[in-house]
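K.L.:
First the structure, which I've put down as structure tokens, then a few questions once you've had a look.
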Amino acid sequence: MTDTDVTLQPKKKGLTRRQKRRLSRGVQYVVFVAAVIAFAVTADWGRLQNQFAQADIAKQMFPDVITLALKNTVLYTLSGFVVGLVLGMVIALMRLSSVGPYRWLAGVYIEIFRGLPALLIFIFVGVAVPLAFPGTEIPGGTYGKVAIALGLVSAAYMAETIRAGIQAVPKGQTEAARSLGFSPAKAMVSIIIPQAFRIILPPLTNELVLLFKDSSLVLFLGVTLEERELSKFGRDLASTTANSTPILVAGLCYLLVTIPLSFVVRRMESKAQEAIR
């Protein structure tokens, strides 16, 4: 065979990038299906059903799991969200202030309350505050304590979200408002903040989902039977029935709220991206 014949022979080519991606995706699908099949085959479904899916125990939870536990969970979440939103707005404006001490105080607050676990904040509100101020009662009882505890935690995150939203508004909006005779405060309240909230609405809704789950920490405040939320309600029934079905039902009640909220967040994010395009 001559050198010319060798040169004319076609070179062998490897897989293209698209083919490699398809092959990698196919392998991942196969591994996933194999894992699901292995789980389905090896799991003891009879024991799982006996421990987590007793229909008679689940029926005992209704309607209290909805009218009491879920209602309290929603009330705790909304009250904490309102407190956190108001406090977060104040901290965000302090963070953007031209006054140095305001910025320093806001920064310290954000770093402390973002760094501490929410559980410690609940214990602080429920135990440390009464010890520091004997004879004083937080208005609203347990609902007030939960609102403050959740508000303190969420305000640190909301403050940064609100600050980012305000800074994302084009500076031309502020200049246009000032040219029309608006004072800095009026321009911020009437022009900048409404536009900022359109930008940060998805992350604020996501924060609401997180607060809904964090409301389960209310059990560390010591609640009455009428003040129980979903987690406490499920744990109490699981203890009395020696069965985990109430835990599963409580988890499903969480999903009844968190899944629609998550869907709303995704829809708002997609609409925001379409508006940018």
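Here's how to read the names in the structure tokens: chain A, B, ... by the order shown, residue numbers from 1 in each chain, ligand numbers from 1 in the order shown.
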When you look at Ile191 (chain A) with a cut-off of 12 Å (counting only C-alpha atoms), what residues show up, excluding the ones that are within fewer than 2 positions of it in the same chain? I need them as a PyMOL selection string.

P.N.:
chain A and resi 166+169-178+180+182-189+193-198

K.L.:
At most 12 Å is the cut-off: for each residue in region 231-269 of chain A with any atom that close to an atom of region 66-75 of chain A, write down the nearest atom pair and the distance in Å rounded to one decimal, counting only C-alpha atoms, chain first then increasing number, as a tab-separated table.

P.N.:
```
residue	atom	partner	partner_atom	distance
A:Ser231	CA	A:Ala69	CA	8.2
A:Lys232	CA	A:Ala69	CA	8.3
A:Phe233	CA	A:Ala69	CA	6.3
A:Gly234	CA	A:Ala69	CA	8.8
A:Arg235	CA	A:Ala69	CA	11.6
A:Asp236	CA	A:Ala69	CA	11.6
A:Leu237	CA	A:Ala69	CA	11.9
A:Pro246	CA	A:Ala69	CA	11.8
A:Val249	CA	A:Ile66	CA	10.5
A:Ala250	CA	A:Leu70	CA	8.6
A:Gly251	CA	A:Leu70	CA	10.8
A:Leu252	CA	A:Leu70	CA	10.9
A:Cys253	CA	A:Leu70	CA	7.2
A:Tyr254	CA	A:Leu70	CA	8.1
A:Leu255	CA	A:Leu70	CA	11.2
A:Leu256	CA	A:Leu70	CA	10.0
A:Val257	CA	A:Val74	CA	9.1
A:Thr258	CA	A:Val74	CA	11.1
```

K.L.:
Could you write those residues out with N, CA and C atoms, as a PDB file, in the first residue's frame?

P.N.:
```pdb
ATOM      1  N   SER A 231     -46.854  20.262  62.574  1.00  0.00           N
ATOM      2  CA  SER A 231     -45.833  19.334  63.073  1.00  0.00           C
ATOM      3  C   SER A 231     -46.146  18.864  64.489  1.00  0.00           C
ATOM      4  N   LYS A 232     -46.492  19.787  65.356  1.00  0.00           N
ATOM      5  CA  LYS A 232     -46.834  19.436  66.732  1.00  0.00           C
ATOM      6  C   LYS A 232     -48.075  18.556  66.778  1.00  0.00           C
ATOM      7  N   PHE A 233     -49.072  18.888  65.975  1.00  0.00           N
ATOM      8  CA  PHE A 233     -50.305  18.111  65.906  1.00  0.00           C
ATOM      9  C   PHE A 233     -49.998  16.677  65.467  1.00  0.00           C
ATOM     10  N   GLY A 234     -49.172  16.524  64.421  1.00  0.00           N
ATOM     11  CA  GLY A 234     -48.829  15.195  63.928  1.00  0.00           C
ATOM     12  C   GLY A 234     -48.008  14.401  64.923  1.00  0.00           C
ATOM     13  N   ARG A 235     -47.049  15.060  65.590  1.00  0.00           N
ATOM     14  CA  ARG A 235     -46.207  14.359  66.557  1.00  0.00           C
ATOM     15  C   ARG A 235     -47.017  13.884  67.765  1.00  0.00           C
ATOM     16  N   ASP A 236     -47.939  14.706  68.233  1.00  0.00           N
ATOM     17  CA  ASP A 236     -48.755  14.303  69.384  1.00  0.00           C
ATOM     18  C   ASP A 236     -49.597  13.072  69.060  1.00  0.00           C
ATOM     19  N   LEU A 237     -50.233  13.078  67.894  1.00  0.00           N
ATOM     20  CA  LEU A 237     -51.050  11.917  67.522  1.00  0.00           C
ATOM     21  C   LEU A 237     -50.192  10.689  67.247  1.00  0.00           C
ATOM     22  N   PRO A 246     -49.927   9.899  61.320  1.00  0.00           N
ATOM     23  CA  PRO A 246     -50.160  11.333  61.491  1.00  0.00           C
ATOM     24  C   PRO A 246     -49.025  12.203  60.965  1.00  0.00           C
ATOM     25  N   VAL A 249     -49.581  12.418  57.186  1.00  0.00           N
ATOM     26  CA  VAL A 249     -50.712  13.302  56.860  1.00  0.00           C
ATOM     27  C   VAL A 249     -50.321  14.765  57.060  1.00  0.00           C
ATOM     28  N   ALA A 250     -49.597  15.059  58.131  1.00  0.00           N
ATOM     29  CA  ALA A 250     -49.137  16.430  58.362  1.00  0.00           C
ATOM     30  C   ALA A 250     -48.214  16.890  57.234  1.00  0.00           C
ATOM     31  N   GLY A 251     -47.335  15.996  56.774  1.00  0.00           N
ATOM     32  CA  GLY A 251     -46.457  16.336  55.660  1.00  0.00           C
ATOM     33  C   GLY A 251     -47.230  16.627  54.388  1.00  0.00           C
ATOM     34  N   LEU A 252     -48.273  15.852  54.127  1.00  0.00           N
ATOM     35  CA  LEU A 252     -49.104  16.096  52.948  1.00  0.00           C
ATOM     36  C   LEU A 252     -49.822  17.439  53.047  1.00  0.00           C
ATOM     37  N   CYS A 253     -50.210  17.825  54.262  1.00  0.00           N
ATOM     38  CA  CYS A 253     -50.852  19.135  54.446  1.00  0.00           C
ATOM     39  C   CYS A 253     -49.874  20.273  54.154  1.00  0.00           C
ATOM     40  N   TYR A 254     -48.606  20.081  54.520  1.00  0.00           N
ATOM     41  CA  TYR A 254     -47.586  21.068  54.147  1.00  0.00           C
ATOM     42  C   TYR A 254     -47.503  21.198  52.632  1.00  0.00           C
ATOM     43  N   LEU A 255     -47.503  20.052  51.955  1.00  0.00           N
ATOM     44  CA  LEU A 255     -47.374  20.071  50.503  1.00  0.00           C
ATOM     45  C   LEU A 255     -48.575  20.732  49.831  1.00  0.00           C
ATOM     46  N   LEU A 256     -49.749  20.636  50.469  1.00  0.00           N
ATOM     47  CA  LEU A 256     -50.934  21.294  49.903  1.00  0.00           C
ATOM     48  C   LEU A 256     -50.743  22.801  49.764  1.00  0.00           C
ATOM     49  N   VAL A 257     -49.870  23.368  50.592  1.00  0.00           N
ATOM     50  CA  VAL A 257     -49.616  24.811  50.543  1.00  0.00           C
ATOM     51  C   VAL A 257     -48.329  25.126  49.793  1.00  0.00           C
ATOM     52  N   THR A 258     -47.264  24.372  50.074  1.00  0.00           N
ATOM     53  CA  THR A 258     -45.958  24.711  49.500  1.00  0.00           C
ATOM     54  C   THR A 258     -45.877  24.458  47.998  1.00  0.00           C
TER      55      THR A 258
END
```

K.L.:
Excluding same-chain residues fewer than 4 positions from Gly107 (chain A), what lies within 7 Å of it counting only C-alpha atoms, as a PyMOL selection string?

P.N.:
chain A and resi 95+103+111

K.L.:
How about saving the chosen residues, all heavy atoms kept, as a PDB file, in the first residue's frame?

P.N.:
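In the end it all went to part33.pdb:
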```pdb
ATOM      1  N   ARG A  95     -29.694  50.101  55.381  1.00  0.00           N
ATOM      2  CA  ARG A  95     -28.527  49.586  54.659  1.00  0.00           C
ATOM      3  C   ARG A  95     -28.132  50.505  53.510  1.00  0.00           C
ATOM      4  O   ARG A  95     -26.946  50.619  53.177  1.00  0.00           O
ATOM      5  CB  ARG A  95     -28.873  48.209  54.116  1.00  0.00           C
ATOM      6  CG  ARG A  95     -27.717  47.467  53.498  1.00  0.00           C
ATOM      7  CD  ARG A  95     -26.996  46.676  54.522  1.00  0.00           C
ATOM      8  NE  ARG A  95     -26.251  45.597  53.913  1.00  0.00           N
ATOM      9  CZ  ARG A  95     -25.057  45.204  54.297  1.00  0.00           C
ATOM     10  NH1 ARG A  95     -24.462  45.802  55.311  1.00  0.00           N
ATOM     11  NH2 ARG A  95     -24.435  44.223  53.709  1.00  0.00           N
ATOM     12  N   ARG A 103     -26.068  52.220  58.459  1.00  0.00           N
ATOM     13  CA  ARG A 103     -25.563  51.123  57.631  1.00  0.00           C
ATOM     14  C   ARG A 103     -24.867  50.071  58.493  1.00  0.00           C
ATOM     15  O   ARG A 103     -25.008  48.875  58.264  1.00  0.00           O
ATOM     16  CB  ARG A 103     -24.589  51.653  56.571  1.00  0.00           C
ATOM     17  CG  ARG A 103     -25.211  52.572  55.544  1.00  0.00           C
ATOM     18  CD  ARG A 103     -24.302  52.724  54.328  1.00  0.00           C
ATOM     19  NE  ARG A 103     -22.960  53.155  54.709  1.00  0.00           N
ATOM     20  CZ  ARG A 103     -22.584  54.418  54.823  1.00  0.00           C
ATOM     21  NH1 ARG A 103     -23.466  55.390  54.605  1.00  0.00           N
ATOM     22  NH2 ARG A 103     -21.351  54.730  55.152  1.00  0.00           N
ATOM     23  N   GLU A 111     -26.048  40.124  59.500  1.00  0.00           N
ATOM     24  CA  GLU A 111     -25.054  39.060  59.682  1.00  0.00           C
ATOM     25  C   GLU A 111     -25.407  38.162  60.869  1.00  0.00           C
ATOM     26  O   GLU A 111     -25.236  36.946  60.810  1.00  0.00           O
ATOM     27  CB  GLU A 111     -23.666  39.676  59.885  1.00  0.00           C
ATOM     28  CG  GLU A 111     -23.122  40.393  58.666  1.00  0.00           C
ATOM     29  CD  GLU A 111     -23.016  39.488  57.460  1.00  0.00           C
ATOM     30  OE1 GLU A 111     -22.711  38.287  57.629  1.00  0.00           O
ATOM     31  OE2 GLU A 111     -23.251  39.957  56.334  1.00  0.00           O
TER      32      GLU A 111
END
```

K.L.:
Applying 10 Å and only C-alpha atoms, which residues near region 116-131 of chain A remain after dropping the ones on its own chain fewer than 2 positions away? List them as a PyMOL selection string.

P.N.:
chain A and resi 111-114+133-138+142+145-146+148-150+152-154+214-222

K.L.:
For region 155-159 of chain A, list every protein, DNA or RNA residue within 9 Å, evaluated using only C-alpha atoms, and leave out those in the same chain fewer than 6 positions away; present the list as an NGL selection string.

P.N.:
:A and (81 or 83-93 or 95 or 106 or 109-114 or 203-204 or 207)

K.L.:
From region 53-272 of chain A, collect each residue whose DSSP state is alpha helix (DSSP H) and return the set as a VMD selection string.

P.N.:
chain A and resid 55 to 60 64 71 to 95 100 to 115 118 to 123 129 to 132 141 to 168 171 to 179 184 to 187 193 to 214 230 to 241 245 to 272

K.L.:
Would you work out the distance separating CA of Thr77 (chain A) from CA of Arg228 (chain A), expressed in Å to one decimal?

P.N.:
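That distance, rounded to one decimal, is 13.2 Å.
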
K.L.:
What does the structure give for the distance between CA of Val41 (chain A) and CA of Val27 (chain A), in Å to one decimal?

P.N.:
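Computing the Euclidean distance for CA of Val41 (chain A) and CA of Val27 (chain A) yields 20.9 Å.
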